[in-house]
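Asks: One file: query01.cif (mmCIF, C-alpha atoms).
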```
data_entry
#
loop_
_atom_site.group_PDB
_atom_site.id
_atom_site.type_symbol
_atom_site.label_atom_id
_atom_site.label_comp_id
_atom_site.auth_asym_id
_atom_site.auth_seq_id
_atom_site.Cartn_x
_atom_site.Cartn_y
_atom_site.Cartn_z
ATOM 1 C CA MET O 2 45.904 -0.249 9.538
ATOM 2 C CA GLY O 3 48.287 2.252 7.969
ATOM 3 C CA GLN O 4 49.168 2.126 4.294
ATOM 4 C CA THR O 5 52.711 1.485 3.195
ATOM 5 C CA ALA O 6 54.285 4.444 1.411
ATOM 6 C CA GLN O 7 54.313 3.823 -2.332
ATOM 7 C CA PRO O 8 57.476 4.594 -4.303
ATOM 8 C CA GLU O 9 56.669 7.181 -6.960
ATOM 9 C CA SER O 10 57.452 5.061 -10.021
ATOM 10 C CA THR O 11 56.083 1.700 -8.930
ATOM 11 C CA HIS O 12 52.820 0.083 -9.900
ATOM 12 C CA ARG O 13 50.859 -0.951 -6.807
ATOM 13 C CA ILE O 14 49.281 -4.418 -6.821
ATOM 14 C CA ALA O 15 46.869 -5.436 -4.074
ATOM 15 C CA VAL O 16 46.180 -9.136 -3.582
ATOM 16 C CA LEU O 17 42.842 -9.730 -1.862
ATOM 17 C CA ALA O 18 42.840 -12.922 0.217
ATOM 18 C CA LEU O 19 39.333 -14.247 0.886
ATOM 19 C CA ASP O 20 38.137 -16.821 3.400
ATOM 20 C CA GLY O 21 39.140 -20.290 2.185
ATOM 21 C CA VAL O 22 41.958 -18.945 0.015
ATOM 22 C CA TYR O 23 44.264 -21.449 -1.688
ATOM 23 C CA PRO O 24 47.783 -20.829 -0.286
ATOM 24 C CA PHE O 25 49.629 -21.816 -3.458
ATOM 25 C CA GLU O 26 47.691 -19.477 -5.717
ATOM 26 C CA LEU O 27 47.801 -16.696 -3.111
ATOM 27 C CA GLY O 28 51.567 -16.676 -3.509
ATOM 28 C CA ILE O 29 51.608 -16.526 -7.324
ATOM 29 C CA PRO O 30 51.288 -12.727 -7.704
ATOM 30 C CA ASN O 31 54.067 -12.108 -5.190
ATOM 31 C CA ARG O 32 56.273 -14.725 -6.835
ATOM 32 C CA VAL O 33 55.819 -13.361 -10.371
ATOM 33 C CA PHE O 34 55.411 -9.610 -9.903
ATOM 34 C CA GLY O 35 57.802 -9.592 -6.959
ATOM 35 C CA SER O 36 60.544 -10.869 -9.281
ATOM 36 C CA VAL O 37 60.345 -7.651 -11.311
ATOM 37 C CA HIS O 38 62.464 -5.633 -8.907
ATOM 38 C CA GLY O 39 61.585 -1.979 -8.558
ATOM 39 C CA ARG O 40 58.602 -2.071 -10.928
ATOM 40 C CA TYR O 41 55.785 -3.370 -8.711
ATOM 41 C CA GLU O 42 54.772 -2.922 -5.093
ATOM 42 C CA LEU O 43 52.876 -5.946 -3.702
ATOM 43 C CA LEU O 44 50.437 -5.615 -0.811
ATOM 44 C CA THR O 45 48.357 -8.547 0.430
ATOM 45 C CA CYS O 46 45.136 -7.657 2.201
ATOM 46 C CA THR O 47 41.916 -9.163 3.508
ATOM 47 C CA ALA O 48 38.381 -7.814 3.251
ATOM 48 C CA ASP O 49 38.301 -6.729 6.904
ATOM 49 C CA GLY O 50 41.965 -6.750 7.924
ATOM 50 C CA ARG O 51 41.519 -9.931 9.970
ATOM 51 C CA PRO O 52 43.151 -13.350 9.427
ATOM 52 C CA VAL O 53 41.407 -15.672 6.972
ATOM 53 C CA ARG O 54 41.130 -19.423 6.782
ATOM 54 C CA THR O 55 42.822 -21.249 3.946
ATOM 55 C CA ASP O 56 41.679 -24.456 2.289
ATOM 56 C CA ALA O 57 44.567 -26.120 4.157
ATOM 57 C CA ASP O 58 44.925 -26.706 7.891
ATOM 58 C CA PHE O 59 46.088 -23.196 8.810
ATOM 59 C CA GLU O 60 45.034 -19.566 8.798
ATOM 60 C CA ILE O 61 46.966 -16.629 7.404
ATOM 61 C CA ALA O 62 47.316 -13.146 8.821
ATOM 62 C CA VAL O 63 48.303 -10.235 6.593
ATOM 63 C CA GLU O 64 49.504 -6.730 7.348
ATOM 64 C CA HIS O 65 46.882 -4.804 5.398
ATOM 65 C CA GLY O 66 43.149 -4.279 5.374
ATOM 66 C CA PRO O 67 40.916 -3.288 2.444
ATOM 67 C CA GLU O 68 42.021 0.357 2.524
ATOM 68 C CA VAL O 69 44.968 -0.482 0.252
ATOM 69 C CA LEU O 70 42.485 -1.256 -2.524
ATOM 70 C CA ARG O 71 41.758 2.470 -2.874
ATOM 71 C CA THR O 72 45.242 3.166 -4.217
ATOM 72 C CA ALA O 73 45.897 -0.071 -6.100
ATOM 73 C CA ASP O 74 46.679 0.079 -9.815
ATOM 74 C CA THR O 75 45.949 -3.662 -10.108
ATOM 75 C CA VAL O 76 43.881 -5.923 -7.854
ATOM 76 C CA VAL O 77 44.365 -9.699 -7.920
ATOM 77 C CA ILE O 78 41.746 -12.080 -6.500
ATOM 78 C CA PRO O 79 43.232 -15.544 -5.901
ATOM 79 C CA PRO O 80 40.937 -18.593 -5.734
ATOM 80 C CA PHE O 81 39.129 -19.733 -2.636
ATOM 81 C CA ASP O 82 37.085 -22.743 -1.533
ATOM 82 C CA LEU O 83 33.681 -22.393 -3.204
ATOM 83 C CA ALA O 84 32.146 -24.450 -0.397
ATOM 84 C CA LEU O 85 32.502 -21.300 1.708
ATOM 85 C CA ALA O 86 30.750 -19.125 -0.884
ATOM 86 C CA THR O 87 27.246 -17.803 -0.258
ATOM 87 C CA ALA O 88 24.516 -16.808 -2.701
ATOM 88 C CA GLU O 89 25.572 -13.173 -2.330
ATOM 89 C CA LEU O 90 28.917 -11.608 -1.569
ATOM 90 C CA PRO O 91 29.569 -11.321 2.169
ATOM 91 C CA GLU O 92 29.155 -7.722 3.265
ATOM 92 C CA PRO O 93 32.875 -7.190 4.089
ATOM 93 C CA VAL O 94 33.842 -8.479 0.632
ATOM 94 C CA ALA O 95 31.264 -6.283 -1.104
ATOM 95 C CA ARG O 96 32.514 -3.250 0.820
ATOM 96 C CA ALA O 97 36.115 -4.088 -0.031
ATOM 97 C CA LEU O 98 35.372 -4.412 -3.749
ATOM 98 C CA ALA O 99 33.576 -1.063 -3.664
ATOM 99 C CA MET O 100 36.843 0.533 -2.531
ATOM 100 C CA ILE O 101 38.627 -0.373 -5.784
ATOM 101 C CA ARG O 102 39.152 2.819 -7.724
ATOM 102 C CA PRO O 103 37.773 3.226 -11.263
ATOM 103 C CA GLY O 104 40.330 2.279 -13.893
ATOM 104 C CA ALA O 105 42.170 -0.252 -11.748
ATOM 105 C CA ARG O 106 43.110 -3.456 -13.539
ATOM 106 C CA LEU O 107 41.420 -6.573 -12.125
ATOM 107 C CA ILE O 108 42.845 -10.103 -12.320
ATOM 108 C CA SER O 109 41.159 -13.276 -11.093
ATOM 109 C CA ILE O 110 42.645 -16.729 -10.752
ATOM 110 C CA CYS O 111 40.341 -19.767 -10.938
ATOM 111 C CA THR O 112 37.383 -19.283 -8.552
ATOM 112 C CA GLY O 113 38.290 -15.630 -8.145
ATOM 113 C CA ALA O 114 36.125 -15.114 -11.245
ATOM 114 C CA PHE O 115 33.091 -16.042 -9.135
ATOM 115 C CA VAL O 116 33.763 -12.977 -6.969
ATOM 116 C CA LEU O 117 34.051 -10.637 -9.938
ATOM 117 C CA ALA O 118 30.880 -12.102 -11.434
ATOM 118 C CA ALA O 119 28.950 -11.852 -8.165
ATOM 119 C CA ALA O 120 29.911 -8.183 -8.011
ATOM 120 C CA GLY O 121 28.465 -7.662 -11.499
ATOM 121 C CA LEU O 122 31.864 -6.764 -12.933
ATOM 122 C CA LEU O 123 31.757 -9.479 -15.611
ATOM 123 C CA ASP O 124 28.232 -8.861 -16.923
ATOM 124 C CA GLY O 125 28.272 -9.085 -20.705
ATOM 125 C CA ARG O 126 32.022 -9.674 -20.779
ATOM 126 C CA PRO O 127 34.142 -12.675 -21.745
ATOM 127 C CA ALA O 128 35.682 -14.591 -18.846
ATOM 128 C CA THR O 129 37.098 -17.954 -17.910
ATOM 129 C CA THR O 130 37.546 -20.121 -14.830
ATOM 130 C CA HIS O 131 38.583 -23.699 -14.125
ATOM 131 C CA TRP O 132 36.939 -26.053 -16.614
ATOM 132 C CA ALA O 133 35.556 -28.281 -13.826
ATOM 133 C CA LEU O 134 33.553 -25.335 -12.459
ATOM 134 C CA ALA O 135 32.076 -24.202 -15.767
ATOM 135 C CA GLU O 136 28.570 -25.585 -15.250
ATOM 136 C CA SER O 137 28.293 -24.132 -11.746
ATOM 137 C CA PHE O 138 29.511 -20.770 -13.021
ATOM 138 C CA ARG O 139 27.028 -20.716 -15.901
ATOM 139 C CA GLN O 140 24.130 -21.535 -13.589
ATOM 140 C CA ARG O 141 25.043 -18.719 -11.215
ATOM 141 C CA PHE O 142 26.059 -16.115 -13.786
ATOM 142 C CA PRO O 143 24.338 -16.669 -17.140
ATOM 143 C CA GLN O 144 24.989 -13.042 -18.058
ATOM 144 C CA VAL O 145 28.752 -13.674 -18.323
ATOM 145 C CA ARG O 146 30.207 -14.877 -21.641
ATOM 146 C CA LEU O 147 32.071 -17.822 -20.143
ATOM 147 C CA ASN O 148 34.748 -19.648 -22.134
ATOM 148 C CA PRO O 149 36.110 -22.460 -19.944
ATOM 149 C CA GLU O 150 38.352 -23.873 -22.673
ATOM 150 C CA VAL O 151 41.172 -21.321 -22.492
ATOM 151 C CA LEU O 152 43.996 -20.586 -20.080
ATOM 152 C CA PHE O 153 43.185 -16.919 -19.576
ATOM 153 C CA ILE O 154 41.270 -14.051 -21.139
ATOM 154 C CA ASP O 155 42.588 -10.506 -21.375
ATOM 155 C CA ASP O 156 39.610 -8.190 -21.740
ATOM 156 C CA GLY O 157 41.523 -4.991 -21.175
ATOM 157 C CA ASP O 158 40.937 -3.845 -17.621
ATOM 158 C CA ILE O 159 39.749 -7.287 -16.471
ATOM 159 C CA LEU O 160 41.723 -10.497 -16.878
ATOM 160 C CA THR O 161 40.438 -13.911 -15.791
ATOM 161 C CA SER O 162 42.357 -17.177 -15.688
ATOM 162 C CA ALA O 163 41.741 -20.859 -15.130
ATOM 163 C CA GLY O 164 43.527 -23.187 -12.686
ATOM 164 C CA ALA O 165 46.749 -22.772 -10.726
ATOM 165 C CA ALA O 166 49.310 -22.846 -13.548
ATOM 166 C CA SER O 167 47.285 -20.411 -15.626
ATOM 167 C CA GLY O 168 47.541 -17.969 -12.734
ATOM 168 C CA VAL O 169 51.264 -17.907 -13.459
ATOM 169 C CA ASP O 170 50.512 -17.506 -17.173
ATOM 170 C CA VAL O 171 48.229 -14.503 -16.714
ATOM 171 C CA CYS O 172 50.662 -12.776 -14.335
ATOM 172 C CA LEU O 173 53.526 -13.293 -16.803
ATOM 173 C CA HIS O 174 51.246 -11.982 -19.548
ATOM 174 C CA VAL O 175 50.706 -8.804 -17.518
ATOM 175 C CA VAL O 176 54.464 -8.416 -16.934
ATOM 176 C CA ARG O 177 55.034 -8.850 -20.655
ATOM 177 C CA THR O 178 52.336 -6.283 -21.447
ATOM 178 C CA ASP O 179 53.746 -3.806 -18.925
ATOM 179 C CA HIS O 180 57.477 -4.269 -19.492
ATOM 180 C CA GLY O 181 58.126 -6.397 -22.582
ATOM 181 C CA SER O 182 59.330 -9.911 -23.285
ATOM 182 C CA GLN O 183 62.866 -9.552 -21.925
ATOM 183 C CA VAL O 184 61.600 -8.771 -18.434
ATOM 184 C CA ALA O 185 58.884 -11.436 -18.636
ATOM 185 C CA ASN O 186 61.343 -14.062 -19.872
ATOM 186 C CA HIS O 187 63.727 -13.232 -17.032
ATOM 187 C CA VAL O 188 60.915 -13.660 -14.500
ATOM 188 C CA ALA O 189 59.890 -16.936 -16.124
ATOM 189 C CA ARG O 190 63.430 -18.259 -15.834
ATOM 190 C CA LEU O 191 63.538 -17.320 -12.156
ATOM 191 C CA CYS O 192 60.233 -19.131 -11.618
ATOM 192 C CA VAL O 193 61.350 -22.070 -13.834
ATOM 193 C CA VAL O 194 58.187 -21.905 -15.962
ATOM 194 C CA PRO O 195 57.532 -21.453 -19.689
ATOM 195 C CA PRO O 196 57.924 -17.763 -20.602
ATOM 196 C CA TRP O 197 54.704 -17.622 -22.586
ATOM 197 C CA ARG O 198 51.656 -19.761 -23.174
ATOM 198 C CA GLU O 199 49.020 -18.345 -25.459
ATOM 199 C CA GLY O 200 45.917 -17.335 -23.512
ATOM 200 C CA GLY O 201 43.689 -19.046 -26.047
ATOM 201 C CA GLN O 202 45.481 -22.352 -25.601
ATOM 202 C CA ALA O 203 43.202 -25.095 -24.326
ATOM 203 C CA GLN O 204 43.116 -25.933 -20.642
ATOM 204 C CA TYR O 205 44.630 -29.333 -19.973
ATOM 205 C CA ILE O 206 41.448 -31.309 -19.559
ATOM 206 C CA GLU O 207 42.164 -34.962 -18.910
ATOM 207 C CA HIS O 208 45.061 -35.209 -21.349
ATOM 208 C CA PRO O 209 46.618 -38.692 -20.995
ATOM 209 C CA VAL O 210 50.073 -38.697 -19.439
ATOM 210 C CA PRO O 211 52.661 -40.713 -21.410
ATOM 211 C CA GLU O 212 54.091 -43.750 -19.698
ATOM 212 C CA PRO O 213 57.385 -42.946 -17.950
ATOM 213 C CA THR O 214 59.247 -45.356 -20.203
ATOM 214 C CA ALA O 215 57.744 -43.990 -23.405
ATOM 215 C CA ALA O 216 59.752 -41.765 -25.737
ATOM 216 C CA THR O 217 58.846 -38.090 -25.491
ATOM 217 C CA THR O 218 58.947 -35.176 -27.900
ATOM 218 C CA ALA O 219 60.878 -32.893 -25.522
ATOM 219 C CA ALA O 220 64.234 -33.219 -27.288
ATOM 220 C CA THR O 221 62.626 -32.589 -30.647
ATOM 221 C CA ARG O 222 60.838 -29.508 -29.339
ATOM 222 C CA GLN O 223 64.163 -28.131 -28.132
ATOM 223 C CA TRP O 224 65.756 -28.956 -31.491
ATOM 224 C CA ALA O 225 62.897 -27.215 -33.295
ATOM 225 C CA LEU O 226 63.361 -24.070 -31.184
ATOM 226 C CA GLU O 227 67.004 -23.991 -32.258
ATOM 227 C CA HIS O 228 66.027 -24.358 -35.931
ATOM 228 C CA LEU O 229 62.904 -22.205 -36.209
ATOM 229 C CA HIS O 230 64.440 -20.390 -39.182
ATOM 230 C CA LEU O 231 64.090 -23.599 -41.212
ATOM 231 C CA PRO O 232 60.837 -24.674 -42.928
ATOM 232 C CA LEU O 233 60.275 -27.544 -40.492
ATOM 233 C CA THR O 234 57.757 -30.174 -41.557
ATOM 234 C CA LEU O 235 55.891 -32.728 -39.516
ATOM 235 C CA THR O 236 57.870 -35.470 -41.273
ATOM 236 C CA GLU O 237 61.166 -33.830 -40.276
ATOM 237 C CA LEU O 238 60.047 -33.446 -36.674
ATOM 238 C CA ALA O 239 58.898 -37.056 -36.477
ATOM 239 C CA GLY O 240 62.163 -38.193 -38.062
ATOM 240 C CA HIS O 241 64.196 -36.297 -35.476
ATOM 241 C CA ALA O 242 62.154 -37.960 -32.710
ATOM 242 C CA GLN O 243 62.595 -41.341 -34.417
ATOM 243 C CA MET O 244 58.839 -41.907 -34.479
ATOM 244 C CA SER O 245 56.274 -42.401 -37.170
ATOM 245 C CA VAL O 246 54.399 -39.250 -38.131
ATOM 246 C CA ARG O 247 51.191 -40.578 -36.610
ATOM 247 C CA THR O 248 52.833 -41.552 -33.303
ATOM 248 C CA PHE O 249 54.720 -38.279 -33.067
ATOM 249 C CA ALA O 250 51.634 -36.164 -33.704
ATOM 250 C CA ARG O 251 49.610 -38.095 -31.109
ATOM 251 C CA ARG O 252 52.345 -37.982 -28.460
ATOM 252 C CA PHE O 253 53.020 -34.297 -29.131
ATOM 253 C CA GLN O 254 49.329 -33.489 -28.617
ATOM 254 C CA ASP O 255 49.298 -35.495 -25.378
ATOM 255 C CA GLU O 256 52.380 -33.749 -23.984
ATOM 256 C CA VAL O 257 51.851 -30.173 -25.153
ATOM 257 C CA GLY O 258 48.095 -29.915 -25.537
ATOM 258 C CA THR O 259 48.220 -28.666 -29.123
ATOM 259 C CA SER O 260 49.319 -29.863 -32.565
ATOM 260 C CA PRO O 261 52.943 -29.613 -33.783
ATOM 261 C CA GLY O 262 51.907 -27.147 -36.487
ATOM 262 C CA ARG O 263 50.121 -24.800 -34.125
ATOM 263 C CA TRP O 264 52.942 -25.050 -31.587
ATOM 264 C CA LEU O 265 55.495 -24.066 -34.240
ATOM 265 C CA ILE O 266 53.421 -21.012 -35.152
ATOM 266 C CA GLN O 267 53.166 -20.050 -31.475
ATOM 267 C CA GLN O 268 56.941 -20.304 -31.021
ATOM 268 C CA ARG O 269 57.615 -18.324 -34.196
ATOM 269 C CA VAL O 270 55.203 -15.603 -33.161
ATOM 270 C CA SER O 271 56.774 -15.530 -29.694
ATOM 271 C CA GLN O 272 60.295 -15.114 -31.096
ATOM 272 C CA ALA O 273 59.072 -12.510 -33.580
ATOM 273 C CA ARG O 274 57.560 -10.516 -30.737
ATOM 274 C CA GLN O 275 60.839 -10.633 -28.836
ATOM 275 C CA LEU O 276 62.794 -9.425 -31.881
ATOM 276 C CA LEU O 277 60.283 -6.642 -32.512
ATOM 277 C CA GLU O 278 60.736 -5.537 -28.911
ATOM 278 C CA THR O 279 64.504 -5.837 -28.676
ATOM 279 C CA SER O 280 65.925 -5.215 -32.166
ATOM 280 C CA ASP O 281 65.671 -2.808 -35.084
ATOM 281 C CA LEU O 282 65.542 -5.570 -37.694
ATOM 282 C CA SER O 283 63.069 -5.106 -40.517
ATOM 283 C CA VAL O 284 59.868 -7.126 -40.534
ATOM 284 C CA ASP O 285 61.208 -9.081 -43.538
ATOM 285 C CA ARG O 286 64.412 -9.992 -41.674
ATOM 286 C CA ILE O 287 62.504 -11.018 -38.580
ATOM 287 C CA ALA O 288 60.129 -13.157 -40.640
ATOM 288 C CA GLY O 289 63.097 -15.017 -42.123
ATOM 289 C CA GLN O 290 64.850 -15.483 -38.779
ATOM 290 C CA VAL O 291 61.808 -17.060 -37.113
ATOM 291 C CA GLY O 292 60.800 -19.274 -40.029
ATOM 292 C CA PHE O 293 57.891 -17.489 -41.686
ATOM 293 C CA ALA O 294 58.172 -17.712 -45.480
ATOM 294 C CA THR O 295 57.262 -14.064 -45.990
ATOM 295 C CA ALA O 296 56.688 -10.876 -44.049
ATOM 296 C CA THR O 297 53.040 -11.156 -45.052
ATOM 297 C CA SER O 298 52.829 -14.520 -43.302
ATOM 298 C CA LEU O 299 54.344 -12.996 -40.146
ATOM 299 C CA ARG O 300 51.864 -10.124 -40.261
ATOM 300 C CA GLN O 301 48.941 -12.512 -40.616
ATOM 301 C CA HIS O 302 49.999 -14.782 -37.759
ATOM 302 C CA LEU O 303 50.935 -11.922 -35.431
ATOM 303 C CA HIS O 304 47.611 -10.221 -36.073
ATOM 304 C CA ALA O 305 45.760 -13.503 -35.445
ATOM 305 C CA ALA O 306 47.620 -13.965 -32.146
ATOM 306 C CA ILE O 307 47.490 -10.464 -30.649
ATOM 307 C CA GLY O 308 45.345 -8.369 -32.989
ATOM 308 C CA VAL O 309 47.949 -5.839 -34.184
ATOM 309 C CA PRO O 310 50.459 -5.644 -37.080
ATOM 310 C CA PRO O 311 54.237 -5.848 -36.441
ATOM 311 C CA LEU O 312 55.032 -2.133 -36.647
ATOM 312 C CA THR O 313 52.213 -1.218 -34.289
ATOM 313 C CA TYR O 314 53.476 -3.839 -31.844
ATOM 314 C CA ARG O 315 57.025 -2.490 -32.138
ATOM 315 C CA ARG O 316 55.938 1.093 -31.479
ATOM 316 C CA THR O 317 54.138 -0.063 -28.341
ATOM 317 C CA PHE O 318 56.644 -2.512 -26.893
ATOM 318 C CA HIS O 319 60.071 -1.672 -28.277
ATOM 319 C CA ALA O 320 62.775 -1.819 -25.583
ATOM 320 C CA THR O 321 63.544 1.885 -25.938
ATOM 321 C CA ARG O 322 60.002 2.581 -24.735
ATOM 322 C CA LYS O 323 60.503 0.312 -21.717
ATOM 323 C CA ALA O 324 63.250 2.309 -20.069
ATOM 324 C CA GLU O 325 60.827 3.626 -17.467
ATOM 325 C CA PRO O 326 58.454 1.425 -15.431
ATOM 326 C CA ALA O 327 54.922 1.291 -16.746
ATOM 327 C CA THR O 328 52.357 3.188 -14.750
ATOM 328 C CA ARG O 329 48.595 3.326 -14.952
#
```
Mind turning the file's structure into structure tokens?
Replies:
Amino acid sequence: MGQTAQPESTHRIAVLALDGVYPFELGIPNRVFGSVHGRYELLTCTADGRPVRTDADFEIAVEHGPEVLRTADTVVIPPFDLALATAELPEPVARALAMIRPGARLISICTGAFVLAAAGLLDGRPATTHWALAESFRQRFPQVRLNPEVLFIDDGDILTSAGAASGVDVCLHVVRTDHGSQVANHVARLCVVPPWREGGQAQYIEHPVPEPTAATTAATRQWALEHLHLPLTLTELAGHAQMSVRTFARRFQDEVGTSPGRWLIQQRVSQARQLLETSDLSVDRIAGQVGFATATSLRQHLHAAIGVPPLTYRRTFHATRKAEPATR
């Protein structure tokens, strides 16, 4: 099959659909990256150019074969039905993976990590997959440093993610890395999903769902986002929700998957990152606007979240540096 001509400034993403692919997750890269108009070129391919079965009651046929992998800047491997997996990679899949050029960024969603591991690409590296598959993964690939408790792991040129929703998270994370928070937030709004969930956030493993008639913390979370500049306390949050502190903390954990204190820090860091990217405010001013008591506190929390100080982050992601599409 012929390759589609690639616009000079776009970043080519190849999505490799394997036999037994999950249709929903297969569409995530196109939905997220395809919403960044003019920055990414999306090509879906199969290992041999032929139609593949899905885990539903239909097959899919795509326009491209594995040859597009040779020119891809990023390759995404969506999940597939593990019941169709064999002890070793099928020969067409192994050949297709061998076509990926050195330096290409690799992203797996859910069981896609099994493919990367089977190819030896995760040996000695940190990775994640769906929590329910952790034991099976460890038995097959003991050489991989598996962490099944997080949403996704960014290990530079290889990113792995957990279940379906975390596939959206990791793709938004890549958009944010490539083009900054304004672009990523716009895409998130189009997709009607949260703009950012920390990769190290726990997977939602059997969290109880509140009764439909029970009071929720949603209104208080929205209120807190509008008042992040204030030194919000757990007592104040519980009072706004008209709950006891104990009830509020328990219900918040059930609904969000983390504590109110950690969630507040995440939101403050997220807003600080956006201001660092889109404004020329000093670190002290930004710290005050997002609710950190001091610039030192902002530096500590930002470094804990992403591993760099504020000025380094600004030099890398400031909007003036995002005028041109990122290339690899």
Asks: What gap, in Å, lies between CA of Val151 (chain O) and CA of Thr217 (chain O)?
Replies: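 Going from CA of Val151 (chain O) over to CA of Thr217 (chain O) covers 24.5 Å.
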Asks: Counting only C-alpha atoms, which residues in region 88-173 of chain O sit no more than 7 Å from region 43-60 of chain O? For each one, give the nearest pair of atoms and the distance in Å, sorted by chain then residue number, as a tab-separated table.
Replies:
```
residue	atom	partner	partner_atom	distance
O:Pro93	CA	O:Ala48	CA	5.6
O:Val94	CA	O:Ala48	CA	5.3
O:Ala97	CA	O:Ala48	CA	5.5
```
Asks: Determine the residue set returned by the PyMOL selection byres ((chain O and resi 13) around 6) for the present structure, and present it as a ChimeraX atom specification.
Replies: /O:12,14,41-42,73-74
Asks: Once the PyMOL selection byres ((chain O and resi 303-308) around 12) has been evaluated on this model, what residues remain selected, and can you format them as a PyMOL selection string?
Replies: chain O and resi 154-155+174+178+198-202+263+266-275+277+284+288+293+296-302+309-315
Asks: Could you list, as a list in words, every residue matched by the PyMOL selection byres ((chain O and resi 144) around 6) in this structure?
Replies: Asp124, Gly125, Phe142, Pro143 and Val145 of chain O
Asks: Measuring atom to atom with only C-alpha atoms, identify which of O:Glu136, O:Asp82, O:Asp281, O:Glu64 is nearest to Val16 (chain O).
Replies: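 Counting only C-alpha atoms, the residue closest to Val16 (chain O) is O:Glu64.
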Asks: Any chance you could tabulate, as CSV, the residues of region 106-172 of chain O at most 12 Å from region 21-25 of chain O with each one's nearest atom pair and distance in Å to one decimal, using only C-alpha atoms, in chain and rising number order?
Replies:
```
residue,atom,partner,partner_atom,distance
O:Ile110,CA,O:Tyr23,CA,10.3
O:Cys111,CA,O:Tyr23,CA,10.2
O:Thr112,CA,O:Val22,CA,9.7
O:Gly113,CA,O:Val22,CA,9.5
O:Gly164,CA,O:Phe25,CA,11.1
O:Ala165,CA,O:Phe25,CA,7.9
O:Ala166,CA,O:Phe25,CA,10.1
O:Gly168,CA,O:Phe25,CA,10.3
O:Val169,CA,O:Phe25,CA,10.9
```
Asks: Enclose all atoms of region 276-283 of chain O listed in the file in an axis-aligned box, grow every side by 5 Å, and hand back centre and edge lengths in Å to one decimal, as AutoDock Vina command-line options.
Replies:
```
--center_x 63.1 --center_y -6.1 --center_z -34.6 --size_x 15.6 --size_y 16.6 --size_z 21.8
```
Asks: When you draw a straight line from CA of Ala219 (chain O) to CA of Ala242 (chain O), how long is it in Å?
Replies: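 A separation of 8.9 Å between them.
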Asks: Counting all atoms listed in the file, figure out which residue out of O:His241, O:Arg102, O:His180, O:Arg251 gets nearest to His319 (chain O).
Replies: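 Going through O:His241, O:Arg102, O:His180, O:Arg251 one by one, the smallest distance to His319 (chain O) is for O:His180.
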Asks: For Ile101 (chain O), which residue out of O:Asp20, O:Glu237, O:Glu68, O:Glu227 is the nearest one, using only C-alpha atoms?
Replies: O:Glu68
Asks: Identify which of the residues O:Ser167, O:His230, O:Ser36, O:Arg247 lies closest to Ile108 (chain O), counting only C-alpha atoms when measuring atom-to-atom distances.
Replies: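 For Ile108 (chain O), the nearest of the candidates is O:Ser167.
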Asks: Tell me which residues come within 12 Å of (27.2, -21.9, -12.6), as a list in words, counting all atoms listed in the file in the file's coordinates.
Replies: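 The residues that fall inside the cut-off are Leu83, Ala88, Thr112, Ala114, Phe115, Ala118, Ala119, Thr129, Thr130, His131, Trp132, Ala133, Leu134, Ala135, Glu136, Ser137, Phe138, Arg139, Gln140, Arg141, Phe142, Pro143, Gln144, Val145, Arg146, Leu147 and Pro149 of chain O.
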